[in-house]
Amino acid sequence: MKKVFNIEGMSCGHCIIAVEKELNKLNIGKKKVKIGKAKVEFDIAKVSEEDIKIAIKNAGYAVIK
């Protein structure tokens with residue numbers, strides 16, 4: 001599954017690194033993190049959307065709709 005998560009509160013390269021670090025802890029395929037967005041490819045049998053949202057929250061940011 002491919003999904004784009006819109007992220008609130010990101011403003012710099014350090015923000016990108018923080019989100020990438022948390023996403024790396026999950027069993028996901030490809031990811032592309034930019035300021036304000038994370039495009040993630042993942043297997044829903046291994047990782048849920050909620051897991052990804054929690055990882056982003058753990059990095060210090062909020063997922064917005």
# chains A, B, ... in the order shown; residues from 1 in each chain; ligands from 1

call {"tool": "residues_around", "arguments": {"residues": "segment 14-18 of chain A", "least_positions_apart": "4", "cutoff": "8 Å", "atoms": "only C-alpha atoms", "output": "list in words"}}
result
Met10, Glu22, Val33, Lys34, Ile35 and Ala59 of chain A

call {"tool": "write_last_selection", "arguments": {"atoms": "N, CA and C atoms", "output": "CSV table (one decimal), in the first residue's frame"}}
result
chain,number,residue,atom,x,y,z
A,10,MET,N,6.7,20.4,11.0
A,10,MET,CA,8.0,20.3,10.4
A,10,MET,C,8.5,21.6,9.8
A,22,GLU,N,12.3,7.5,13.1
A,22,GLU,CA,11.2,6.8,13.7
A,22,GLU,C,10.6,5.8,12.7
A,33,VAL,N,10.5,11.3,2.8
A,33,VAL,CA,10.1,12.3,3.8
A,33,VAL,C,10.5,13.7,3.3
A,34,LYS,N,9.6,14.6,3.2
A,34,LYS,CA,9.8,16.0,2.9
A,34,LYS,C,9.2,16.8,4.1
A,35,ILE,N,9.5,18.1,4.1
A,35,ILE,CA,8.9,19.0,5.1
A,35,ILE,C,7.4,19.0,4.9
A,59,ALA,N,8.2,11.1,16.8
A,59,ALA,CA,9.3,12.0,16.3
A,59,ALA,C,9.0,13.5,16.8

call {"tool": "residues_around", "arguments": {"residues": "segment 42-52 of chain A", "least_positions_apart": "3", "cutoff": "6 Å", "atoms": "only C-alpha atoms", "output": "ChimeraX atom specification"}}
result
/A:1,28-29,55

call {"tool": "select_by_dssp", "arguments": {"residues": "chain A", "states": "helix (DSSP H, G or I)", "output": "ChimeraX atom specification"}}
result
/A:13-24,49-58

call {"tool": "atom_distance", "arguments": {"atom1": "atom CA of Lys32 of chain A", "atom2": "atom CA of Asn6 of chain A"}}
result
12.1 Å

call {"tool": "closest_residue", "arguments": {"among": "A:Gly9, A:Val40, A:Asn24, A:Lys31", "to": "Lys57 of chain A", "atoms": "only C-alpha atoms"}}
result
A:Gly9

call {"tool": "closest_residue", "arguments": {"among": "A:Gly13, A:Leu23, A:Lys2, A:Gly36", "to": "Ile54 of chain A", "atoms": "only C-alpha atoms"}}
result
A:Leu23

call {"tool": "residues_around", "arguments": {"residues": "Phe5 of chain A", "least_positions_apart": "6", "cutoff": "7 Å", "atoms": "only C-alpha atoms", "output": "ChimeraX atom specification"}}
result
/A:37-39,63

call {"tool": "closest_residue", "arguments": {"among": "A:Cys12, A:Val4, A:Glu41, A:Glu20", "to": "Ile56 of chain A", "atoms": "only C-alpha atoms"}}
result
A:Glu20
